[in-house]
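Structure, as structure tokens:
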Amino acid sequence: SSARLSGSTLIGLYKARGVKFDFADLSRASVSNSWLTECSFKGTNFNSAAIDDVNFKNSVFRKSRWIGAMVVDTFFDMADLRGETFDGVQFDGGRFAWADLSGASFKGARFMGGVLMQNMQAVKTDFTGATFEEADLSGANLHQADFTGASLQASSFRGANVSGAVFEGATGISYAQFEGALGTPIGSLWAHNRFALGGVPHVP
């Protein structure tokens, strides 16, 4: 922990399971082809880092910093990301299956290349202004999540819990998939949307 690795290149870390990277400085670092599962990232600095093909499965993140980071083909399956801030971060591919993003902030983040986010917990998560390009959020718990002004470009919310989720000003709703979604979302756009007649209850 507290390692100073700013600007470093870390490749092929396959025996780092359970390692504590607490307060490590990975700003501007390049981390690729690594398995960092069940690790601790408390106060870790990922600012402007390039993360490519890294497995963070079951890892815990607390007050980590991601300003300007680029994350490619990286897995956060079952990771604990509660309350973290990923504003403006670009995710290209990768997966958040069963991860807990509750209370986290992804304002203006970009989920490109079909990011898989099935069955994640995203209660009261802030996705304001985020871009979802063919993302799969099927089965996710999006209770009171905020998608205000988000772009949903052909993304899937099938079977997701959208009760109290806010979609005011979101674009691409008519091209997103909401079959089997549960709960009542918030947003006047639902009154004019064809999916309001399907799996998601109509909001007047």
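Note on naming: chains are A, B, ... as they come in the structure tokens, residues start from 1 per chain, ligands start from 1 in the order shown.
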
| Quick one: DSSP strand (DSSP E or B) residues in range 15-186 of chain A, as a ChimeraX atom specification? | /A:20,25,30-35,40-42,45,50-55,60-62,65,70-72,75,80,85,90-92,95,100,105,110-112,116,121,126,131-132,136,141,146,151,156,161,166,171,177,182,186

Env of range 72-80 of chain A: 10 Å cut, atoms = only C-alpha atoms, seq-sep filter 3 positions within chain, self excluded. Answer as a PDB file with N, CA and C atoms, in the first residue's frame.
ATOM      1  N   SER A  32      -2.233  -3.417 -17.536  1.00  0.00           N
ATOM      2  CA  SER A  32      -2.882  -4.267 -18.531  1.00  0.00           C
ATOM      3  C   SER A  32      -2.625  -5.749 -18.274  1.00  0.00           C
ATOM      4  N   ASN A  33      -3.536  -6.557 -18.842  1.00  0.00           N
ATOM      5  CA  ASN A  33      -3.412  -8.011 -18.785  1.00  0.00           C
ATOM      6  C   ASN A  33      -3.110  -8.510 -17.374  1.00  0.00           C
ATOM      7  N   SER A  34      -3.934  -8.088 -16.415  1.00  0.00           N
ATOM      8  CA  SER A  34      -3.667  -8.422 -15.017  1.00  0.00           C
ATOM      9  C   SER A  34      -4.917  -8.904 -14.287  1.00  0.00           C
ATOM     10  N   TRP A  35      -4.707  -9.760 -13.298  1.00  0.00           N
ATOM     11  CA  TRP A  35      -5.778 -10.253 -12.434  1.00  0.00           C
ATOM     12  C   TRP A  35      -5.580  -9.637 -11.053  1.00  0.00           C
ATOM     13  N   LEU A  36      -6.385  -8.631 -10.735  1.00  0.00           N
ATOM     14  CA  LEU A  36      -6.308  -7.957  -9.442  1.00  0.00           C
ATOM     15  C   LEU A  36      -7.598  -8.247  -8.675  1.00  0.00           C
ATOM     16  N   THR A  37      -7.881  -9.526  -8.504  1.00  0.00           N
ATOM     17  CA  THR A  37      -9.126  -9.949  -7.874  1.00  0.00           C
ATOM     18  C   THR A  37      -9.014  -9.938  -6.349  1.00  0.00           C
ATOM     19  N   GLU A  38     -10.151  -9.631  -5.708  1.00  0.00           N
ATOM     20  CA  GLU A  38     -10.240  -9.607  -4.243  1.00  0.00           C
ATOM     21  C   GLU A  38      -9.221  -8.657  -3.625  1.00  0.00           C
ATOM     22  N   CYS A  39      -8.888  -7.608  -4.347  1.00  0.00           N
ATOM     23  CA  CYS A  39      -7.915  -6.624  -3.858  1.00  0.00           C
ATOM     24  C   CYS A  39      -8.627  -5.446  -3.192  1.00  0.00           C
ATOM     25  N   SER A  40      -7.853  -4.647  -2.469  1.00  0.00           N
ATOM     26  CA  SER A  40      -8.376  -3.461  -1.805  1.00  0.00           C
ATOM     27  C   SER A  40      -7.768  -2.216  -2.449  1.00  0.00           C
ATOM     28  N   ALA A  50      -4.434   4.328 -17.716  1.00  0.00           N
ATOM     29  CA  ALA A  50      -4.951   3.528 -18.822  1.00  0.00           C
ATOM     30  C   ALA A  50      -5.067   2.088 -18.320  1.00  0.00           C
ATOM     31  N   ILE A  51      -6.297   1.626 -18.155  1.00  0.00           N
ATOM     32  CA  ILE A  51      -6.561   0.296 -17.612  1.00  0.00           C
ATOM     33  C   ILE A  51      -7.085  -0.572 -18.747  1.00  0.00           C
ATOM     34  N   ASP A  52      -6.374  -1.637 -19.088  1.00  0.00           N
ATOM     35  CA  ASP A  52      -6.755  -2.457 -20.240  1.00  0.00           C
ATOM     36  C   ASP A  52      -6.674  -3.941 -19.890  1.00  0.00           C
ATOM     37  N   ASP A  53      -7.809  -4.627 -20.025  1.00  0.00           N
ATOM     38  CA  ASP A  53      -7.873  -6.071 -19.791  1.00  0.00           C
ATOM     39  C   ASP A  53      -7.413  -6.434 -18.380  1.00  0.00           C
ATOM     40  N   VAL A  54      -8.055  -5.822 -17.401  1.00  0.00           N
ATOM     41  CA  VAL A  54      -7.754  -6.085 -15.994  1.00  0.00           C
ATOM     42  C   VAL A  54      -8.997  -6.686 -15.330  1.00  0.00           C
ATOM     43  N   ASN A  55      -8.799  -7.661 -14.486  1.00  0.00           N
ATOM     44  CA  ASN A  55      -9.906  -8.296 -13.778  1.00  0.00           C
ATOM     45  C   ASN A  55      -9.912  -7.836 -12.318  1.00  0.00           C
ATOM     46  N   PHE A  56     -10.929  -7.026 -11.953  1.00  0.00           N
ATOM     47  CA  PHE A  56     -11.073  -6.516 -10.593  1.00  0.00           C
ATOM     48  C   PHE A  56     -12.156  -7.283  -9.820  1.00  0.00           C
ATOM     49  N   LYS A  57     -12.438  -8.487 -10.212  1.00  0.00           N
ATOM     50  CA  LYS A  57     -13.530  -9.251  -9.596  1.00  0.00           C
ATOM     51  C   LYS A  57     -13.403  -9.292  -8.072  1.00  0.00           C
ATOM     52  N   ASN A  58     -14.527  -9.006  -7.405  1.00  0.00           N
ATOM     53  CA  ASN A  58     -14.612  -9.071  -5.944  1.00  0.00           C
ATOM     54  C   ASN A  58     -13.692  -8.094  -5.219  1.00  0.00           C
ATOM     55  N   SER A  59     -13.177  -7.109  -5.920  1.00  0.00           N
ATOM     56  CA  SER A  59     -12.318  -6.120  -5.266  1.00  0.00           C
ATOM     57  C   SER A  59     -13.157  -5.014  -4.629  1.00  0.00           C
ATOM     58  N   VAL A  60     -12.564  -4.306  -3.667  1.00  0.00           N
ATOM     59  CA  VAL A  60     -13.256  -3.245  -2.935  1.00  0.00           C
ATOM     60  C   VAL A  60     -12.581  -1.904  -3.223  1.00  0.00           C
ATOM     61  N   PHE A  61     -13.391  -0.923  -3.609  1.00  0.00           N
ATOM     62  CA  PHE A  61     -12.898   0.413  -3.913  1.00  0.00           C
ATOM     63  C   PHE A  61     -13.535   1.413  -2.945  1.00  0.00           C
ATOM     64  N   ARG A  62     -12.730   2.246  -2.313  1.00  0.00           N
ATOM     65  CA  ARG A  62     -13.234   3.266  -1.404  1.00  0.00           C
ATOM     66  C   ARG A  62     -12.452   4.565  -1.619  1.00  0.00           C
ATOM     67  N   ALA A  69      -9.447   8.854 -16.465  1.00  0.00           N
ATOM     68  CA  ALA A  69      -9.009   7.479 -16.714  1.00  0.00           C
ATOM     69  C   ALA A  69      -9.713   6.893 -17.940  1.00  0.00           C
ATOM     70  N   GLY A  83     -20.601   4.238  -3.652  1.00  0.00           N
ATOM     71  CA  GLY A  83     -20.230   5.606  -3.320  1.00  0.00           C
ATOM     72  C   GLY A  83     -19.013   6.148  -4.056  1.00  0.00           C
ATOM     73  N   GLU A  84     -18.486   5.389  -4.992  1.00  0.00           N
ATOM     74  CA  GLU A  84     -17.299   5.846  -5.721  1.00  0.00           C
ATOM     75  C   GLU A  84     -17.666   6.886  -6.790  1.00  0.00           C
ATOM     76  N   GLN A  90     -14.311   6.940 -19.347  1.00  0.00           N
ATOM     77  CA  GLN A  90     -14.784   6.161 -20.493  1.00  0.00           C
ATOM     78  C   GLN A  90     -14.482   4.688 -20.278  1.00  0.00           C
ATOM     79  N   PHE A  91     -15.531   3.872 -20.410  1.00  0.00           N
ATOM     80  CA  PHE A  91     -15.408   2.424 -20.330  1.00  0.00           C
ATOM     81  C   PHE A  91     -15.678   1.866 -21.720  1.00  0.00           C
ATOM     82  N   ASP A  92     -14.721   1.166 -22.273  1.00  0.00           N
ATOM     83  CA  ASP A  92     -14.869   0.595 -23.607  1.00  0.00           C
ATOM     84  C   ASP A  92     -14.883  -0.922 -23.466  1.00  0.00           C
ATOM     85  N   GLY A  93     -16.082  -1.534 -23.613  1.00  0.00           N
ATOM     86  CA  GLY A  93     -16.194  -2.956 -23.356  1.00  0.00           C
ATOM     87  C   GLY A  93     -16.100  -3.218 -21.857  1.00  0.00           C
ATOM     88  N   GLY A  94     -15.962  -4.475 -21.487  1.00  0.00           N
ATOM     89  CA  GLY A  94     -15.826  -4.808 -20.070  1.00  0.00           C
ATOM     90  C   GLY A  94     -17.142  -5.210 -19.439  1.00  0.00           C
ATOM     91  N   ARG A  95     -17.124  -5.416 -18.122  1.00  0.00           N
ATOM     92  CA  ARG A  95     -18.295  -5.975 -17.443  1.00  0.00           C
ATOM     93  C   ARG A  95     -18.381  -5.532 -15.986  1.00  0.00           C
ATOM     94  N   PHE A  96     -19.639  -5.332 -15.529  1.00  0.00           N
ATOM     95  CA  PHE A  96     -19.944  -4.984 -14.141  1.00  0.00           C
ATOM     96  C   PHE A  96     -20.972  -5.962 -13.577  1.00  0.00           C
ATOM     97  N   ALA A  97     -20.987  -7.191 -14.032  1.00  0.00           N
ATOM     98  CA  ALA A  97     -22.009  -8.148 -13.617  1.00  0.00           C
ATOM     99  C   ALA A  97     -21.997  -8.358 -12.100  1.00  0.00           C
ATOM    100  N   TRP A  98     -23.174  -8.223 -11.485  1.00  0.00           N
ATOM    101  CA  TRP A  98     -23.357  -8.426 -10.045  1.00  0.00           C
ATOM    102  C   TRP A  98     -22.534  -7.460  -9.180  1.00  0.00           C
ATOM    103  N   ALA A  99     -21.973  -6.413  -9.771  1.00  0.00           N
ATOM    104  CA  ALA A  99     -21.215  -5.421  -8.995  1.00  0.00           C
ATOM    105  C   ALA A  99     -22.182  -4.523  -8.223  1.00  0.00           C
ATOM    106  N   ASP A 100     -21.695  -3.886  -7.158  1.00  0.00           N
ATOM    107  CA  ASP A 100     -22.519  -2.966  -6.377  1.00  0.00           C
ATOM    108  C   ASP A 100     -22.037  -1.536  -6.609  1.00  0.00           C
ATOM    109  N   LEU A 101     -22.830  -0.785  -7.378  1.00  0.00           N
ATOM    110  CA  LEU A 101     -22.516   0.608  -7.710  1.00  0.00           C
ATOM    111  C   LEU A 101     -23.418   1.577  -6.952  1.00  0.00           C
ATOM    112  N   SER A 102     -24.107   1.091  -5.955  1.00  0.00           N
ATOM    113  CA  SER A 102     -25.095   1.912  -5.249  1.00  0.00           C
ATOM    114  C   SER A 102     -24.477   3.206  -4.705  1.00  0.00           C
ATOM    115  N   MET A 112     -19.106   2.426 -23.679  1.00  0.00           N
ATOM    116  CA  MET A 112     -19.085   2.168 -25.110  1.00  0.00           C
ATOM    117  C   MET A 112     -18.783   0.684 -25.404  1.00  0.00           C
ATOM    118  N   GLY A 113     -19.148   0.280 -26.603  1.00  0.00           N
ATOM    119  CA  GLY A 113     -18.763  -1.067 -27.034  1.00  0.00           C
ATOM    120  C   GLY A 113     -19.494  -2.187 -26.328  1.00  0.00           C
ATOM    121  N   VAL A 115     -20.889  -2.543 -23.022  1.00  0.00           N
ATOM    122  CA  VAL A 115     -20.505  -2.907 -21.652  1.00  0.00           C
ATOM    123  C   VAL A 115     -21.614  -3.764 -21.016  1.00  0.00           C
ATOM    124  N   LEU A 116     -21.230  -4.856 -20.363  1.00  0.00           N
ATOM    125  CA  LEU A 116     -22.176  -5.770 -19.733  1.00  0.00           C
ATOM    126  C   LEU A 116     -22.351  -5.392 -18.265  1.00  0.00           C
ATOM    127  N   MET A 117     -23.595  -5.075 -17.883  1.00  0.00           N
ATOM    128  CA  MET A 117     -23.873  -4.592 -16.525  1.00  0.00           C
ATOM    129  C   MET A 117     -25.042  -5.372 -15.918  1.00  0.00           C
ATOM    130  N   GLN A 118     -25.166  -6.634 -16.291  1.00  0.00           N
ATOM    131  CA  GLN A 118     -26.310  -7.426 -15.840  1.00  0.00           C
ATOM    132  C   GLN A 118     -26.297  -7.638 -14.330  1.00  0.00           C
ATOM    133  N   ASN A 119     -27.522  -7.554 -13.770  1.00  0.00           N
ATOM    134  CA  ASN A 119     -27.741  -7.883 -12.361  1.00  0.00           C
ATOM    135  C   ASN A 119     -26.924  -7.054 -11.373  1.00  0.00           C
ATOM    136  N   MET A 120     -26.441  -5.916 -11.805  1.00  0.00           N
ATOM    137  CA  MET A 120     -25.693  -5.077 -10.870  1.00  0.00           C
ATOM    138  C   MET A 120     -26.654  -4.348  -9.939  1.00  0.00           C
ATOM    139  N   GLN A 121     -26.156  -3.914  -8.794  1.00  0.00           N
ATOM    140  CA  GLN A 121     -26.888  -3.071  -7.868  1.00  0.00           C
ATOM    141  C   GLN A 121     -26.479  -1.623  -8.147  1.00  0.00           C
TER     142      GLN A 121
END

| Skipping near chain neighbours, those fewer than 2 positions away, what residues fall within 6 Å of Ser8 in chain A using only C-alpha atoms, listed as a ChimeraX atom specification? | /A:5-6,29

For those residues, write all heavy atoms to a file as a PDB file, in the first residue's frame.
ATOM      1  N   LEU A   5       3.507   4.594  -7.864  1.00  0.00           N
ATOM      2  CA  LEU A   5       3.632   3.936  -9.162  1.00  0.00           C
ATOM      3  C   LEU A   5       3.161   4.846 -10.286  1.00  0.00           C
ATOM      4  O   LEU A   5       2.836   4.376 -11.370  1.00  0.00           O
ATOM      5  CB  LEU A   5       2.822   2.631  -9.161  1.00  0.00           C
ATOM      6  CG  LEU A   5       3.249   1.590  -8.120  1.00  0.00           C
ATOM      7  CD1 LEU A   5       2.217   0.466  -8.036  1.00  0.00           C
ATOM      8  CD2 LEU A   5       4.616   1.018  -8.474  1.00  0.00           C
ATOM      9  N   SER A   6       3.151   6.134 -10.021  1.00  0.00           N
ATOM     10  CA  SER A   6       2.695   7.090 -11.026  1.00  0.00           C
ATOM     11  C   SER A   6       3.508   6.965 -12.311  1.00  0.00           C
ATOM     12  O   SER A   6       4.749   6.954 -12.276  1.00  0.00           O
ATOM     13  CB  SER A   6       2.814   8.515 -10.484  1.00  0.00           C
ATOM     14  OG  SER A   6       2.397   9.450 -11.443  1.00  0.00           O
ATOM     15  N   ALA A  29      -0.555   5.773 -14.862  1.00  0.00           N
ATOM     16  CA  ALA A  29       0.030   4.443 -15.042  1.00  0.00           C
ATOM     17  C   ALA A  29      -0.713   3.689 -16.141  1.00  0.00           C
ATOM     18  O   ALA A  29      -1.858   3.988 -16.476  1.00  0.00           O
ATOM     19  CB  ALA A  29      -0.035   3.655 -13.740  1.00  0.00           C
TER      20      ALA A  29
END

| What is the distance between CA of Ala181 in chain A and CA of Ala140 in chain A, in Å to one decimal? | 9.5 Å

| request: From range 5-193 of chain A, collect each residue whose DSSP state is helix (DSSP H, G or I) and return the set as a PyMOL selection string. | output: chain A and resi 173-175+188-192

| message | With only C-alpha atoms as the counted atoms, please give the residues lying no more than 12 Å from Phe23 in chain A, apart from itself and same-chain residues fewer than 6 positions off, as a PyMOL selection string. | response | chain A and resi 1-6+40-46+61-65

| task | Would you mind reading off the distance between CA of Tyr175 in chain A and CA of Asp136 in chain A, one decimal, in Å? | result |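 Straight-line distance from CA of Tyr175 in chain A to CA of Asp136 in chain A works out to 13.1 Å.
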
| task | Excluding Ile186 in chain A and any residue of its chain fewer than 5 positions from it, enumerate the residues within 9 Å of it, using only C-alpha atoms, and give them as a list in words. | result | Gln144, Val162, Ser163, Gly164, Ala165, Val166, Phe167, Glu168 and Val203 of chain A

Based on the selection just made, write N, CA, C and O atoms of those residues as a PDB file, in the first residue's frame.
ATOM      1  N   GLN A 144     -34.342   4.206  -8.076  1.00  0.00           N
ATOM      2  CA  GLN A 144     -34.006   5.622  -7.861  1.00  0.00           C
ATOM      3  C   GLN A 144     -32.670   6.034  -8.483  1.00  0.00           C
ATOM      4  O   GLN A 144     -32.064   7.034  -8.070  1.00  0.00           O
ATOM      5  N   VAL A 162     -36.682  -0.594 -12.427  1.00  0.00           N
ATOM      6  CA  VAL A 162     -36.539   0.836 -12.712  1.00  0.00           C
ATOM      7  C   VAL A 162     -37.469   1.678 -11.836  1.00  0.00           C
ATOM      8  O   VAL A 162     -37.776   2.830 -12.172  1.00  0.00           O
ATOM      9  N   SER A 163     -37.901   1.117 -10.714  1.00  0.00           N
ATOM     10  CA  SER A 163     -38.810   1.856  -9.833  1.00  0.00           C
ATOM     11  C   SER A 163     -38.138   3.131  -9.318  1.00  0.00           C
ATOM     12  O   SER A 163     -37.043   3.098  -8.776  1.00  0.00           O
ATOM     13  N   GLY A 164     -38.791   4.253  -9.557  1.00  0.00           N
ATOM     14  CA  GLY A 164     -38.269   5.527  -9.091  1.00  0.00           C
ATOM     15  C   GLY A 164     -37.057   6.024  -9.847  1.00  0.00           C
ATOM     16  O   GLY A 164     -36.497   7.081  -9.516  1.00  0.00           O
ATOM     17  N   ALA A 165     -36.625   5.299 -10.877  1.00  0.00           N
ATOM     18  CA  ALA A 165     -35.478   5.752 -11.676  1.00  0.00           C
ATOM     19  C   ALA A 165     -35.903   6.966 -12.507  1.00  0.00           C
ATOM     20  O   ALA A 165     -37.033   7.044 -12.991  1.00  0.00           O
ATOM     21  N   VAL A 166     -34.999   7.912 -12.676  1.00  0.00           N
ATOM     22  CA  VAL A 166     -35.312   9.155 -13.387  1.00  0.00           C
ATOM     23  C   VAL A 166     -34.716   9.111 -14.786  1.00  0.00           C
ATOM     24  O   VAL A 166     -33.504   8.932 -14.952  1.00  0.00           O
ATOM     25  N   PHE A 167     -35.577   9.279 -15.798  1.00  0.00           N
ATOM     26  CA  PHE A 167     -35.128   9.277 -17.192  1.00  0.00           C
ATOM     27  C   PHE A 167     -35.481  10.598 -17.879  1.00  0.00           C
ATOM     28  O   PHE A 167     -35.566  10.658 -19.099  1.00  0.00           O
ATOM     29  N   GLU A 168     -35.686  11.639 -17.117  1.00  0.00           N
ATOM     30  CA  GLU A 168     -36.073  12.937 -17.682  1.00  0.00           C
ATOM     31  C   GLU A 168     -34.984  13.432 -18.629  1.00  0.00           C
ATOM     32  O   GLU A 168     -33.804  13.515 -18.273  1.00  0.00           O
ATOM     33  N   VAL A 203     -46.513   6.246 -17.096  1.00  0.00           N
ATOM     34  CA  VAL A 203     -46.440   7.375 -16.161  1.00  0.00           C
ATOM     35  C   VAL A 203     -47.145   8.562 -16.802  1.00  0.00           C
ATOM     36  O   VAL A 203     -46.730   9.033 -17.858  1.00  0.00           O
TER      37      VAL A 203
END

| message | List the spatial neighbours of range 126-130 of chain A as number ranges by chain - criterion: any atom at most 12 Å away, only C-alpha atoms, same-chain residues fewer than 4 positions off excluded. | response | A: 82-91, 101-112, 122, 135, 142-153, 165-171

I need the residues from that last selection saved to file as a CSV table (one decimal), in the first residue's frame (with N, CA and C atoms), if you can.
chain,number,residue,atom,x,y,z
A,82,ARG,N,-19.5,1.0,-4.2
A,82,ARG,CA,-20.5,1.8,-3.5
A,82,ARG,C,-19.9,3.2,-3.2
A,83,GLY,N,-20.6,4.2,-3.7
A,83,GLY,CA,-20.2,5.6,-3.3
A,83,GLY,C,-19.0,6.1,-4.1
A,84,GLU,N,-18.5,5.4,-5.0
A,84,GLU,CA,-17.3,5.8,-5.7
A,84,GLU,C,-17.7,6.9,-6.8
A,85,THR,N,-16.7,7.6,-7.3
A,85,THR,CA,-16.9,8.6,-8.3
A,85,THR,C,-16.1,8.3,-9.5
A,86,PHE,N,-16.9,8.1,-10.6
A,86,PHE,CA,-16.3,7.8,-12.0
A,86,PHE,C,-16.7,8.8,-13.0
A,87,ASP,N,-17.0,10.1,-12.6
A,87,ASP,CA,-17.5,11.1,-13.5
A,87,ASP,C,-16.5,11.3,-14.7
A,88,GLY,N,-17.1,11.2,-15.9
A,88,GLY,CA,-16.4,11.5,-17.1
A,88,GLY,C,-15.5,10.3,-17.6
A,89,VAL,N,-15.4,9.2,-16.8
A,89,VAL,CA,-14.6,8.1,-17.2
A,89,VAL,C,-15.2,7.4,-18.4
A,90,GLN,N,-14.3,6.9,-19.3
A,90,GLN,CA,-14.8,6.2,-20.5
A,90,GLN,C,-14.5,4.7,-20.3
A,91,PHE,N,-15.5,3.9,-20.4
A,91,PHE,CA,-15.4,2.4,-20.3
A,91,PHE,C,-15.7,1.9,-21.7
A,101,LEU,N,-22.8,-0.8,-7.4
A,101,LEU,CA,-22.5,0.6,-7.7
A,101,LEU,C,-23.4,1.6,-7.0
A,102,SER,N,-24.1,1.1,-6.0
A,102,SER,CA,-25.1,1.9,-5.2
A,102,SER,C,-24.5,3.2,-4.7
A,103,GLY,N,-25.2,4.3,-5.0
A,103,GLY,CA,-24.7,5.6,-4.5
A,103,GLY,C,-23.5,6.2,-5.2
A,104,ALA,N,-23.0,5.5,-6.2
A,104,ALA,CA,-21.8,5.9,-6.9
A,104,ALA,C,-22.2,7.0,-8.0
A,105,SER,N,-21.2,7.7,-8.5
A,105,SER,CA,-21.5,8.8,-9.4
A,105,SER,C,-20.7,8.5,-10.7
A,106,PHE,N,-21.5,8.4,-11.8
A,106,PHE,CA,-21.0,8.2,-13.2
A,106,PHE,C,-21.4,9.4,-14.1
A,107,LYS,N,-21.5,10.6,-13.6
A,107,LYS,CA,-21.9,11.7,-14.4
A,107,LYS,C,-21.0,11.9,-15.6
A,108,GLY,N,-21.7,11.9,-16.8
A,108,GLY,CA,-20.9,12.1,-18.0
A,108,GLY,C,-20.0,11.0,-18.4
A,109,ALA,N,-20.1,9.8,-17.7
A,109,ALA,CA,-19.3,8.7,-18.1
A,109,ALA,C,-19.8,8.1,-19.4
A,110,ARG,N,-18.9,7.4,-20.1
A,110,ARG,CA,-19.3,6.8,-21.4
A,110,ARG,C,-19.1,5.3,-21.3
A,111,PHE,N,-20.1,4.5,-21.6
A,111,PHE,CA,-20.1,3.1,-21.6
A,111,PHE,C,-20.2,2.6,-23.0
A,112,MET,N,-19.1,2.4,-23.7
A,112,MET,CA,-19.1,2.2,-25.1
A,112,MET,C,-18.8,0.7,-25.4
A,122,ALA,N,-27.5,-0.8,-8.5
A,122,ALA,CA,-27.2,0.6,-8.8
A,122,ALA,C,-28.2,1.5,-8.2
A,135,ALA,N,-25.3,-1.0,-24.2
A,135,ALA,CA,-25.0,-1.6,-22.9
A,135,ALA,C,-26.1,-2.5,-22.5
A,142,LEU,N,-32.0,-0.8,-10.5
A,142,LEU,CA,-31.8,0.6,-10.8
A,142,LEU,C,-32.8,1.5,-10.0
A,143,HIS,N,-33.2,1.1,-8.8
A,143,HIS,CA,-34.1,1.8,-8.0
A,143,HIS,C,-33.6,3.2,-7.7
A,144,GLN,N,-34.3,4.2,-8.1
A,144,GLN,CA,-34.0,5.6,-7.9
A,144,GLN,C,-32.7,6.0,-8.5
A,145,ALA,N,-32.2,5.3,-9.5
A,145,ALA,CA,-31.0,5.7,-10.2
A,145,ALA,C,-31.4,6.9,-11.1
A,146,ASP,N,-30.4,7.8,-11.4
A,146,ASP,CA,-30.7,9.0,-12.1
A,146,ASP,C,-30.1,8.9,-13.5
A,147,PHE,N,-30.9,8.8,-14.6
A,147,PHE,CA,-30.4,8.8,-15.9
A,147,PHE,C,-30.8,10.1,-16.7
A,148,THR,N,-31.0,11.2,-15.9
A,148,THR,CA,-31.3,12.5,-16.5
A,148,THR,C,-30.4,12.9,-17.6
A,149,GLY,N,-30.9,13.1,-18.8
A,149,GLY,CA,-30.1,13.6,-19.9
A,149,GLY,C,-29.1,12.5,-20.5
A,150,ALA,N,-29.3,11.3,-20.1
A,150,ALA,CA,-28.4,10.2,-20.5
A,150,ALA,C,-28.8,9.8,-22.0
A,151,SER,N,-27.8,9.2,-22.7
A,151,SER,CA,-28.1,8.7,-24.0
A,151,SER,C,-28.1,7.1,-23.9
A,152,LEU,N,-29.2,6.5,-24.3
A,152,LEU,CA,-29.4,5.1,-24.0
A,152,LEU,C,-29.2,4.2,-25.3
A,153,GLN,N,-28.7,4.8,-26.4
A,153,GLN,CA,-28.4,4.1,-27.6
A,153,GLN,C,-28.5,2.6,-27.7
A,165,ALA,N,-36.6,5.3,-10.9
A,165,ALA,CA,-35.5,5.8,-11.7
A,165,ALA,C,-35.9,7.0,-12.5
A,166,VAL,N,-35.0,7.9,-12.7
A,166,VAL,CA,-35.3,9.2,-13.4
A,166,VAL,C,-34.7,9.1,-14.8
A,167,PHE,N,-35.6,9.3,-15.8
A,167,PHE,CA,-35.1,9.3,-17.2
A,167,PHE,C,-35.5,10.6,-17.9
A,168,GLU,N,-35.7,11.6,-17.1
A,168,GLU,CA,-36.1,12.9,-17.7
A,168,GLU,C,-35.0,13.4,-18.6
A,169,GLY,N,-35.4,13.7,-19.9
A,169,GLY,CA,-34.5,14.3,-20.8
A,169,GLY,C,-33.5,13.3,-21.4
A,170,ALA,N,-33.7,12.0,-21.1
A,170,ALA,CA,-32.8,10.9,-21.7
A,170,ALA,C,-33.2,10.8,-23.2
A,171,THR,N,-32.2,10.4,-24.0
A,171,THR,CA,-32.4,10.2,-25.4
A,171,THR,C,-32.2,8.7,-25.7
